[in-house]
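K.L.:
Structure supplied as target-v5.cif; contents: mmCIF, C-alpha atoms, pLDDT in the B column; chains and numbers go by the auth columns.
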data_structure
loop_
_atom_site.group_PDB
_atom_site.id
_atom_site.type_symbol
_atom_site.label_atom_id
_atom_site.label_comp_id
_atom_site.label_asym_id
_atom_site.label_seq_id
_atom_site.Cartn_x
_atom_site.Cartn_y
_atom_site.Cartn_z
_atom_site.B_iso_or_equiv
_atom_site.auth_seq_id
_atom_site.auth_asym_id
ATOM 1 C CA MET A 1 134.615 102.518 97.311 62.00 188 A
ATOM 2 C CA SER A 2 134.329 102.333 101.084 82.00 189 A
ATOM 3 C CA VAL A 3 130.780 102.365 102.445 89.00 190 A
ATOM 4 C CA ASP A 4 129.907 103.468 105.971 92.00 191 A
ATOM 5 C CA TYR A 5 127.312 100.798 106.774 93.00 192 A
ATOM 6 C CA GLN A 6 126.793 102.112 110.286 91.00 193 A
ATOM 7 C CA ALA A 7 125.784 105.519 108.895 92.00 194 A
ATOM 8 C CA LEU A 8 123.392 103.890 106.431 93.00 195 A
ATOM 9 C CA ILE A 9 121.767 101.864 109.196 92.00 196 A
ATOM 10 C CA ASP A 10 121.653 104.873 111.513 90.00 197 A
ATOM 11 C CA GLY A 11 119.816 106.689 108.699 92.00 198 A
ATOM 12 C CA GLY A 12 116.846 104.377 109.194 92.00 199 A
ATOM 13 C CA ALA A 13 114.975 101.810 107.131 94.00 200 A
ATOM 14 C CA LYS A 14 114.310 104.066 104.126 96.00 201 A
ATOM 15 C CA THR A 15 117.970 105.088 103.765 96.00 202 A
ATOM 16 C CA TRP A 16 119.236 101.514 104.276 96.00 203 A
ATOM 17 C CA ASN A 17 116.615 99.843 102.083 97.00 204 A
ATOM 18 C CA ASP A 18 117.035 102.419 99.280 97.00 205 A
ATOM 19 C CA TRP A 19 120.812 101.875 99.292 96.00 206 A
ATOM 20 C CA ARG A 20 120.292 98.093 99.171 96.00 207 A
ATOM 21 C CA SER A 21 117.906 98.483 96.215 96.00 208 A
ATOM 22 C CA GLU A 22 120.395 100.699 94.374 96.00 209 A
ATOM 23 C CA ASN A 23 123.253 98.237 95.078 95.00 210 A
ATOM 24 C CA PRO A 24 121.727 94.760 94.633 92.00 211 A
ATOM 25 C CA ASP A 25 125.079 93.088 93.922 92.00 212 A
ATOM 26 C CA VAL A 26 126.697 94.326 97.128 92.00 213 A
ATOM 27 C CA VAL A 27 126.382 92.098 100.181 89.00 214 A
ATOM 28 C CA PRO A 28 127.220 94.360 103.123 91.00 215 A
ATOM 29 C CA ASP A 29 129.602 93.044 105.763 88.00 216 A
ATOM 30 C CA ILE A 30 128.254 94.309 109.054 89.00 217 A
ATOM 31 C CA SER A 31 129.861 91.644 111.231 84.00 218 A
ATOM 32 C CA ASP A 32 131.875 94.184 113.207 81.00 219 A
ATOM 33 C CA LEU A 33 128.904 96.419 114.054 83.00 220 A
ATOM 34 C CA SER A 34 126.790 96.280 117.203 81.00 221 A
ATOM 35 C CA PHE A 35 123.023 96.511 117.060 89.00 222 A
ATOM 36 C CA ASP A 36 122.040 95.983 120.686 90.00 223 A
ATOM 37 C CA TYR A 37 118.963 97.995 121.647 93.00 224 A
ATOM 38 C CA LEU A 38 118.724 99.723 118.257 92.00 225 A
ATOM 39 C CA ASP A 39 115.393 100.650 116.687 94.00 226 A
ATOM 40 C CA LEU A 40 115.542 99.038 113.213 94.00 227 A
ATOM 41 C CA PRO A 41 111.949 98.466 112.058 96.00 228 A
ATOM 42 C CA GLY A 42 111.452 97.485 108.421 97.00 229 A
ATOM 43 C CA MET A 43 115.165 96.956 107.723 96.00 230 A
ATOM 44 C CA ASP A 44 116.013 94.637 104.846 97.00 231 A
ATOM 45 C CA PHE A 45 118.774 92.243 105.849 96.00 232 A
ATOM 46 C CA SER A 46 117.802 89.675 103.193 96.00 233 A
ATOM 47 C CA GLY A 47 120.611 87.474 101.942 95.00 234 A
ATOM 48 C CA MET A 48 123.108 88.878 104.420 95.00 235 A
ATOM 49 C CA ASN A 49 125.573 87.052 106.631 94.00 236 A
ATOM 50 C CA LEU A 50 124.648 87.914 110.208 95.00 237 A
ATOM 51 C CA ASP A 51 126.476 84.972 111.791 94.00 238 A
ATOM 52 C CA TYR A 52 127.506 85.768 115.369 93.00 239 A
ATOM 53 C CA VAL A 53 126.101 89.325 115.118 93.00 240 A
ATOM 54 C CA THR A 54 124.501 90.709 118.284 93.00 241 A
ATOM 55 C CA LEU A 55 121.026 92.183 117.879 95.00 242 A
ATOM 56 C CA SER A 56 119.971 91.759 121.497 96.00 243 A
ATOM 57 C CA ALA A 57 116.840 93.760 122.386 97.00 244 A
ATOM 58 C CA ALA A 58 116.804 95.375 118.932 96.00 245 A
ATOM 59 C CA ILE A 59 113.465 96.495 117.529 97.00 246 A
ATOM 60 C CA LEU A 60 113.153 94.675 114.190 97.00 247 A
ATOM 61 C CA VAL A 61 109.413 94.883 113.579 98.00 248 A
ATOM 62 C CA GLU A 62 108.628 93.927 109.946 98.00 249 A
ATOM 63 C CA ALA A 63 112.330 93.384 109.204 98.00 250 A
ATOM 64 C CA LYS A 64 113.265 91.154 106.265 98.00 251 A
ATOM 65 C CA LEU A 65 115.750 88.405 107.042 98.00 252 A
ATOM 66 C CA ASP A 66 114.901 86.188 104.071 98.00 253 A
ATOM 67 C CA ARG A 67 117.781 83.912 102.985 97.00 254 A
ATOM 68 C CA ALA A 68 119.958 85.460 105.718 96.00 255 A
ATOM 69 C CA SER A 69 122.570 83.437 107.550 96.00 256 A
ATOM 70 C CA LEU A 70 122.009 83.802 111.289 96.00 257 A
ATOM 71 C CA ASP A 71 124.228 81.061 112.728 95.00 258 A
ATOM 72 C CA HIS A 72 124.701 81.753 116.463 95.00 259 A
ATOM 73 C CA THR A 73 123.199 85.238 116.076 95.00 260 A
ATOM 74 C CA ASP A 74 122.022 86.816 119.333 96.00 261 A
ATOM 75 C CA LEU A 75 118.434 88.012 118.948 97.00 262 A
ATOM 76 C CA SER A 76 117.574 87.633 122.629 98.00 263 A
ATOM 77 C CA ASP A 77 114.771 89.962 123.736 98.00 264 A
ATOM 78 C CA ALA A 78 114.501 91.355 120.181 98.00 265 A
ATOM 79 C CA VAL A 79 111.127 92.472 118.876 98.00 266 A
ATOM 80 C CA LEU A 80 110.628 90.691 115.534 98.00 267 A
ATOM 81 C CA ASP A 81 106.866 91.012 115.173 98.00 268 A
ATOM 82 C CA ARG A 82 105.734 90.468 111.557 98.00 269 A
ATOM 83 C CA ALA A 83 109.369 89.959 110.471 98.00 270 A
ATOM 84 C CA THR A 84 110.117 87.478 107.677 98.00 271 A
ATOM 85 C CA PHE A 85 112.738 84.734 107.799 97.00 272 A
ATOM 86 C CA ILE A 86 111.931 82.914 104.554 98.00 273 A
ATOM 87 C CA ASP A 87 114.558 80.266 103.694 98.00 274 A
ATOM 88 C CA ALA A 88 116.863 81.652 106.391 98.00 275 A
ATOM 89 C CA ASP A 89 119.611 79.608 108.024 98.00 276 A
ATOM 90 C CA ALA A 90 119.266 80.320 111.729 97.00 277 A
ATOM 91 C CA LYS A 91 120.773 77.279 113.398 96.00 278 A
ATOM 92 C CA CYS A 92 121.761 77.828 117.003 97.00 279 A
ATOM 93 C CA VAL A 93 120.240 81.325 116.941 98.00 280 A
ATOM 94 C CA ASN A 94 119.445 82.789 120.364 98.00 281 A
ATOM 95 C CA LEU A 95 115.831 83.996 120.438 98.00 282 A
ATOM 96 C CA PHE A 96 115.492 83.833 124.227 98.00 283 A
ATOM 97 C CA GLY A 97 112.633 86.152 125.232 98.00 284 A
ATOM 98 C CA ALA A 98 112.157 87.425 121.671 98.00 285 A
ATOM 99 C CA SER A 99 108.783 88.559 120.376 98.00 286 A
ATOM 100 C CA LEU A 100 107.939 86.889 117.057 98.00 287 A
ATOM 101 C CA VAL A 101 104.230 87.696 116.924 98.00 288 A
ATOM 102 C CA GLU A 102 102.906 86.992 113.415 98.00 289 A
ATOM 103 C CA ALA A 103 106.462 86.434 112.153 98.00 290 A
ATOM 104 C CA ARG A 104 106.903 84.306 109.024 98.00 291 A
ATOM 105 C CA LEU A 105 109.676 81.743 109.480 98.00 292 A
ATOM 106 C CA LEU A 106 109.002 79.694 106.350 98.00 293 A
ATOM 107 C CA ARG A 107 111.418 76.868 105.506 98.00 294 A
ATOM 108 C CA THR A 108 113.848 78.254 108.066 98.00 295 A
ATOM 109 C CA ASN A 109 116.600 76.151 109.626 98.00 296 A
ATOM 110 C CA LEU A 110 116.137 76.640 113.367 98.00 297 A
ATOM 111 C CA ILE A 111 117.990 73.501 114.472 97.00 298 A
ATOM 112 C CA SER A 112 119.221 73.775 118.068 97.00 299 A
ATOM 113 C CA CYS A 113 117.884 77.303 118.474 98.00 300 A
ATOM 114 C CA SER A 114 116.759 78.744 121.795 98.00 301 A
ATOM 115 C CA LEU A 115 113.194 80.022 121.813 98.00 302 A
ATOM 116 C CA ARG A 116 112.956 80.024 125.599 98.00 303 A
ATOM 117 C CA ASP A 117 110.239 82.404 126.793 98.00 304 A
ATOM 118 C CA ALA A 118 109.719 83.622 123.210 98.00 305 A
ATOM 119 C CA ASP A 119 106.315 84.842 122.053 98.00 306 A
ATOM 120 C CA LEU A 120 105.414 82.958 118.872 98.00 307 A
ATOM 121 C CA THR A 121 101.757 83.960 118.854 98.00 308 A
ATOM 122 C CA LYS A 122 100.417 83.412 115.322 98.00 309 A
ATOM 123 C CA ALA A 123 103.946 82.820 113.996 98.00 310 A
ATOM 124 C CA ASP A 124 104.072 80.750 110.808 98.00 311 A
ATOM 125 C CA LEU A 125 106.821 78.111 110.939 98.00 312 A
ATOM 126 C CA THR A 126 105.632 76.173 107.882 97.00 313 A
ATOM 127 C CA GLY A 127 108.310 73.858 106.507 97.00 314 A
ATOM 128 C CA SER A 128 110.899 74.889 109.087 97.00 315 A
ATOM 129 C CA ASP A 129 113.230 72.622 111.036 97.00 316 A
ATOM 130 C CA LEU A 130 113.039 73.038 114.806 96.00 317 A
ATOM 131 C CA SER A 131 114.804 69.781 115.608 94.00 318 A
ATOM 132 C CA VAL A 132 116.420 69.955 119.039 94.00 319 A
ATOM 133 C CA ALA A 133 114.987 73.458 119.536 96.00 320 A
ATOM 134 C CA TYR A 134 114.507 74.647 123.113 96.00 321 A
ATOM 135 C CA LEU A 135 111.045 76.165 123.592 96.00 322 A
ATOM 136 C CA ARG A 136 110.748 76.225 127.377 96.00 323 A
ATOM 137 C CA GLY A 137 108.098 78.743 128.424 97.00 324 A
ATOM 138 C CA ALA A 138 107.362 79.848 124.844 97.00 325 A
ATOM 139 C CA ASP A 139 103.891 81.164 124.008 98.00 326 A
ATOM 140 C CA LEU A 140 102.699 79.128 121.010 97.00 327 A
ATOM 141 C CA GLN A 141 99.164 80.477 120.702 97.00 328 A
ATOM 142 C CA GLU A 142 97.974 79.791 117.147 97.00 329 A
ATOM 143 C CA ALA A 143 101.550 79.162 115.939 97.00 330 A
ATOM 144 C CA ILE A 144 101.572 77.194 112.681 97.00 331 A
ATOM 145 C CA PHE A 145 103.751 74.071 112.514 95.00 332 A
ATOM 146 C CA LYS A 146 102.588 72.736 109.137 95.00 333 A
ATOM 147 C CA GLU A 147 105.248 70.392 107.696 94.00 334 A
ATOM 148 C CA THR A 148 107.661 71.516 110.436 94.00 335 A
ATOM 149 C CA LYS A 149 110.289 69.139 111.810 93.00 336 A
ATOM 150 C CA LEU A 150 110.067 69.036 115.591 92.00 337 A
ATOM 151 C CA ASP A 151 112.236 65.996 116.324 90.00 338 A
ATOM 152 C CA ARG A 152 113.652 66.082 119.870 89.00 339 A
ATOM 153 C CA ALA A 153 112.333 69.624 120.396 91.00 340 A
ATOM 154 C CA ILE A 154 111.900 70.563 124.054 92.00 341 A
ATOM 155 C CA PHE A 155 108.455 71.876 124.998 91.00 342 A
ATOM 156 C CA ILE A 156 108.728 72.299 128.787 91.00 343 A
ATOM 157 C CA ASP A 157 106.120 74.640 130.294 93.00 344 A
ATOM 158 C CA VAL A 158 105.015 76.031 126.896 94.00 345 A
ATOM 159 C CA GLU A 159 101.882 78.129 126.852 94.00 346 A
ATOM 160 C CA ASN A 160 98.800 77.887 124.625 95.00 347 A
ATOM 161 C CA LEU A 161 99.886 74.824 122.639 91.00 348 A
ATOM 162 C CA GLN A 162 97.049 72.736 121.200 89.00 349 A
ATOM 163 C CA VAL A 163 97.396 69.183 119.948 85.00 350 A
ATOM 164 C CA ASP A 164 96.042 70.188 116.505 88.00 351 A
ATOM 165 C CA GLN A 165 99.058 72.447 116.027 90.00 352 A
ATOM 166 C CA LEU A 166 101.388 69.446 116.356 87.00 353 A
ATOM 167 C CA ARG A 167 99.344 67.125 114.147 86.00 354 A
ATOM 168 C CA SER A 168 100.292 69.076 111.030 84.00 355 A
ATOM 169 C CA ALA A 169 104.034 68.824 111.778 86.00 356 A
ATOM 170 C CA ALA A 170 106.190 66.857 109.338 80.00 357 A
ATOM 171 C CA SER A 171 107.839 64.938 112.169 74.00 358 A
ATOM 172 C CA SER A 172 107.693 65.081 115.920 71.00 359 A
ATOM 173 C CA ASP A 173 109.700 62.177 117.295 72.00 360 A
ATOM 174 C CA ASP A 174 110.848 62.188 120.898 71.00 361 A
ATOM 175 C CA LEU A 175 109.267 65.461 122.009 72.00 362 A
ATOM 176 C CA SER A 176 110.056 66.229 125.622 68.00 363 A
ATOM 177 C CA GLY A 177 108.282 68.315 128.177 71.00 364 A
ATOM 178 C CA LEU A 178 104.789 68.127 126.665 69.00 365 A
ATOM 179 C CA ASN A 179 102.019 67.771 129.185 68.00 366 A
ATOM 180 C CA GLU A 180 100.429 64.353 129.546 71.00 367 A
ATOM 181 C CA GLU A 181 97.125 65.440 127.984 70.00 368 A
ATOM 182 C CA ILE A 182 98.741 66.507 124.706 72.00 369 A
ATOM 183 C CA LEU A 183 100.970 63.421 124.621 66.00 370 A
ATOM 184 C CA ALA A 184 97.927 61.167 125.070 70.00 371 A
ATOM 185 C CA GLN A 185 96.048 62.908 122.252 68.00 372 A
ATOM 186 C CA LEU A 186 98.998 62.581 119.909 66.00 373 A
ATOM 187 C CA GLY A 187 98.993 58.848 120.736 64.00 374 A
#
Can the structure in the file be given as C-alpha coordinates, please?

P.N.:
Amino acid sequence: MSVDYQALIDGGAKTWNDWRSENPDVVPDISDLSFDYLDLPGMDFSGMNLDYVTLSAAILVEAKLDRASLDHTDLSDAVLDRATFIDADAKCVNLFGASLVEARLLRTNLISCSLRDADLTKADLTGSDLSVAYLRGADLQEAIFKETKLDRAIFIDVENLQVDQLRSAASSDDLSGLNEEILAQLG
(Lines of atoms letter the chains of each structure in order from A and count residues from 1; the text may use other names and numbers.)
(Lines give C-alpha, C1' and ligand atoms only; values in the text may rest on other atoms or scores of the structure.)
Protein backbone atom coordinates (compact mmCIF):
# COMPACT_ATOMS: atom_id res chain seq x y z
CA MET A 1 0.00 0.00 0.00
CA SER A 2 1.48 3.31 -1.08
CA VAL A 3 0.87 6.22 1.29
CA ASP A 4 0.95 9.85 0.20
CA TYR A 5 2.79 11.30 3.21
CA GLN A 6 2.79 14.79 1.75
CA ALA A 7 -1.02 14.75 1.57
CA LEU A 8 -1.25 13.52 5.16
CA ILE A 9 1.05 16.29 6.36
CA ASP A 10 -0.75 18.88 4.25
CA GLY A 11 -3.96 17.74 5.98
CA GLY A 12 -2.67 19.18 9.25
CA ALA A 13 -1.77 17.85 12.68
CA LYS A 14 -5.07 16.05 13.33
CA THR A 15 -4.97 14.14 10.03
CA TRP A 16 -1.26 13.28 10.40
CA ASN A 17 -1.43 12.38 14.09
CA ASP A 18 -4.60 10.28 13.64
CA TRP A 19 -2.95 8.33 10.80
CA ARG A 20 0.15 7.77 12.96
CA SER A 21 -2.03 6.50 15.82
CA GLU A 22 -3.89 4.13 13.49
CA ASN A 23 -0.59 2.86 11.99
CA PRO A 24 1.81 2.57 14.95
CA ASP A 25 4.04 0.00 13.23
CA VAL A 26 4.66 2.17 10.17
CA VAL A 27 7.65 4.50 10.29
CA PRO A 28 7.03 7.02 7.51
CA ASP A 29 9.90 7.84 5.17
CA ILE A 30 9.61 11.54 4.49
CA SER A 31 13.25 12.10 3.56
CA ASP A 32 12.39 13.28 0.06
CA LEU A 33 9.83 15.88 1.17
CA SER A 34 10.48 19.57 1.79
CA PHE A 35 9.06 21.34 4.81
CA ASP A 36 10.57 24.80 4.50
CA TYR A 37 8.22 27.51 5.75
CA LEU A 38 5.37 25.08 6.44
CA ASP A 39 2.95 25.55 9.32
CA LEU A 40 3.10 22.22 11.20
CA PRO A 41 2.07 22.89 14.81
CA GLY A 42 1.41 19.85 17.00
CA MET A 43 2.76 17.34 14.47
CA ASP A 44 3.97 14.03 15.88
CA PHE A 45 7.29 13.08 14.32
CA SER A 46 8.25 10.81 17.25
CA GLY A 47 10.57 7.95 16.40
CA MET A 48 11.04 9.10 12.82
CA ASN A 49 14.22 9.42 10.81
CA LEU A 50 14.52 13.08 9.85
CA ASP A 51 18.25 12.97 9.09
CA TYR A 52 19.21 15.66 6.57
CA VAL A 53 15.57 16.81 6.22
CA THR A 54 15.05 20.55 5.73
CA LEU A 55 12.54 22.19 8.06
CA SER A 56 13.93 25.70 7.77
CA ALA A 57 11.55 28.38 9.10
CA ALA A 58 8.84 25.76 9.69
CA ILE A 59 6.30 26.42 12.43
CA LEU A 60 6.55 23.39 14.73
CA VAL A 61 4.99 24.75 17.91
CA GLU A 62 4.22 21.86 20.32
CA ALA A 63 5.56 19.31 17.82
CA LYS A 64 6.70 15.93 19.15
CA LEU A 65 10.16 14.84 18.06
CA ASP A 66 10.73 12.31 20.84
CA ARG A 67 13.21 9.54 19.91
CA ALA A 68 13.54 11.09 16.43
CA SER A 69 16.80 10.99 14.52
CA LEU A 70 17.71 14.51 13.43
CA ASP A 71 21.33 14.12 12.31
CA HIS A 72 22.26 17.20 10.23
CA THR A 73 18.61 18.27 10.05
CA ASP A 74 18.08 21.92 9.10
CA LEU A 75 15.78 23.58 11.63
CA SER A 76 17.23 27.06 11.14
CA ASP A 77 14.74 29.82 11.98
CA ALA A 78 12.11 27.19 12.89
CA VAL A 79 9.60 27.95 15.63
CA LEU A 80 9.76 25.01 18.07
CA ASP A 81 8.18 26.61 21.12
CA ARG A 82 6.96 23.99 23.63
CA ALA A 83 8.12 21.19 21.29
CA THR A 84 9.48 17.97 22.83
CA PHE A 85 12.73 16.27 21.87
CA ILE A 86 12.86 13.56 24.54
CA ASP A 87 15.67 11.03 23.90
CA ALA A 88 16.17 12.46 20.40
CA ASP A 89 19.42 12.11 18.47
CA ALA A 90 20.07 15.57 17.06
CA LYS A 91 23.82 15.67 16.57
CA CYS A 92 24.99 18.35 14.18
CA VAL A 93 21.44 19.71 13.88
CA ASN A 94 21.19 23.29 12.61
CA LEU A 95 19.05 25.36 14.99
CA PHE A 96 20.51 28.72 13.94
CA GLY A 97 17.97 31.41 14.86
CA ALA A 98 15.38 28.86 16.00
CA SER A 99 12.86 29.63 18.73
CA LEU A 100 12.82 26.91 21.39
CA VAL A 101 10.93 28.77 24.10
CA GLU A 102 9.82 26.30 26.79
CA ALA A 103 10.94 23.37 24.61
CA ARG A 104 11.76 20.09 26.36
CA LEU A 105 15.03 18.63 25.07
CA LEU A 106 15.45 15.91 27.69
CA ARG A 107 18.35 13.47 27.30
CA THR A 108 18.84 14.72 23.75
CA ASN A 109 22.11 14.29 21.87
CA LEU A 110 22.94 17.79 20.64
CA ILE A 111 26.67 17.23 20.12
CA SER A 112 28.15 19.74 17.66
CA CYS A 113 24.81 21.41 17.03
CA SER A 114 24.44 25.06 16.07
CA LEU A 115 22.23 27.07 18.40
CA ARG A 116 23.57 30.40 17.19
CA ASP A 117 21.09 33.20 17.90
CA ALA A 118 18.53 30.64 19.11
CA ASP A 119 15.98 31.56 21.77
CA LEU A 120 16.16 28.94 24.52
CA THR A 121 14.15 30.91 27.06
CA LYS A 122 12.90 28.46 29.71
CA ALA A 123 14.01 25.49 27.59
CA ASP A 124 14.67 22.32 29.59
CA LEU A 125 17.87 20.58 28.48
CA THR A 126 18.06 18.20 31.44
CA GLY A 127 20.40 15.27 30.80
CA SER A 128 21.26 16.39 27.27
CA ASP A 129 24.69 16.48 25.66
CA LEU A 130 25.67 19.85 24.24
CA SER A 131 29.37 19.05 23.95
CA VAL A 132 30.99 21.21 21.29
CA ALA A 133 27.67 23.00 20.71
CA TYR A 134 27.82 26.50 19.24
CA LEU A 135 25.61 28.90 21.21
CA ARG A 136 26.88 32.27 20.03
CA GLY A 137 24.25 34.94 20.68
CA ALA A 138 21.72 32.47 22.11
CA ASP A 139 19.18 33.71 24.66
CA LEU A 140 19.48 31.36 27.65
CA GLN A 141 17.09 33.09 30.05
CA GLU A 142 15.99 30.52 32.64
CA ALA A 143 17.20 27.62 30.45
CA ILE A 144 17.71 24.46 32.52
CA PHE A 145 21.05 22.66 32.19
CA LYS A 146 20.60 20.10 34.99
CA GLU A 147 22.93 17.13 34.40
CA THR A 148 23.71 18.49 30.92
CA LYS A 149 27.12 17.91 29.33
CA LEU A 150 28.55 21.22 28.15
CA ASP A 151 32.15 20.20 27.47
CA ARG A 152 33.84 22.54 24.96
CA ALA A 153 30.53 24.30 24.26
CA ILE A 154 30.94 27.81 22.84
CA PHE A 155 29.08 30.55 24.71
CA ILE A 156 30.21 33.72 22.90
CA ASP A 157 27.93 36.72 23.42
CA VAL A 158 25.10 34.64 24.96
CA GLU A 159 22.28 36.54 26.60
CA ASN A 160 20.71 36.11 30.04
CA LEU A 161 22.98 33.31 31.26
CA GLN A 162 23.40 33.08 35.03
CA VAL A 163 26.14 31.17 36.80
CA ASP A 164 23.56 29.09 38.73
CA GLN A 165 22.34 27.64 35.44
CA LEU A 166 25.80 26.20 34.76
CA ARG A 167 26.38 24.89 38.28
CA SER A 168 23.80 22.14 37.79
CA ALA A 169 25.45 20.90 34.57
CA ALA A 170 26.93 17.39 34.60
CA SER A 171 30.17 18.62 33.06
CA SER A 172 31.40 21.91 31.73
CA ASP A 173 35.07 21.54 30.87
CA ASP A 174 36.77 24.05 28.60
CA LEU A 175 33.83 26.39 28.02
CA SER A 176 34.75 29.22 25.69
CA GLY A 177 33.33 32.66 25.26
CA LEU A 178 31.86 33.05 28.75
CA ASN A 179 32.25 36.49 30.24
CA GLU A 180 34.89 36.92 32.92
CA GLU A 181 32.34 37.42 35.71
CA ILE A 182 30.68 34.04 35.13
CA LEU A 183 34.03 32.29 34.72
CA ALA A 184 35.23 33.74 38.04
CA GLN A 185 32.08 32.59 39.84
CA LEU A 186 32.40 29.09 38.45
CA GLY A 187 35.97 29.09 39.81

K.L.:
Rank nothing, just name the residue among A:Asn236, A:Gln349, A:Ser243, A:Gln328 nearest to A:Asp276, using all atoms listed in the file.

P.N.:
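Of A:Asn236, A:Gln349, A:Ser243, A:Gln328, the one nearest A:Asp276, counting all atoms listed in the file, is A:Asn236.
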
K.L.:
If we count all atoms listed in the file, what is near A:Arg303 at a cut-off of 8 Å, once residues fewer than 3 positions away on the same chain are taken out, given as a PyMOL selection string?

P.N.:
chain A and resi 282-284+321-325

K.L.:
Pick out the residues sitting within 8 Å of stretch 288-298 of chain A, and hand them over as number ranges by chain; count only C-alpha atoms, and ignore anything fewer than 4 positions along from it in its own chain.

P.N.:
A: 267-280, 306-320

K.L.:
For A:Ser358, which of A:Phe232, A:Tyr239, A:Tyr224, A:Phe332 is the closest residue, counting only C-alpha atoms?

P.N.:
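Nearest to A:Ser358: A:Phe332.
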
K.L.:
Mind giving me the straight-line distance from atom CA of A:Ala357 to atom CA of A:Asp338 in Å, one decimal?

P.N.:
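Interatomic distance here is 9.3 Å.
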
K.L.:
Separation of atom CA of A:Asn281 and atom CA of A:Gly199, in Å?

P.N.:
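Computing the Euclidean distance for atom CA of A:Asn281 and atom CA of A:Gly199 yields 24.4 Å.
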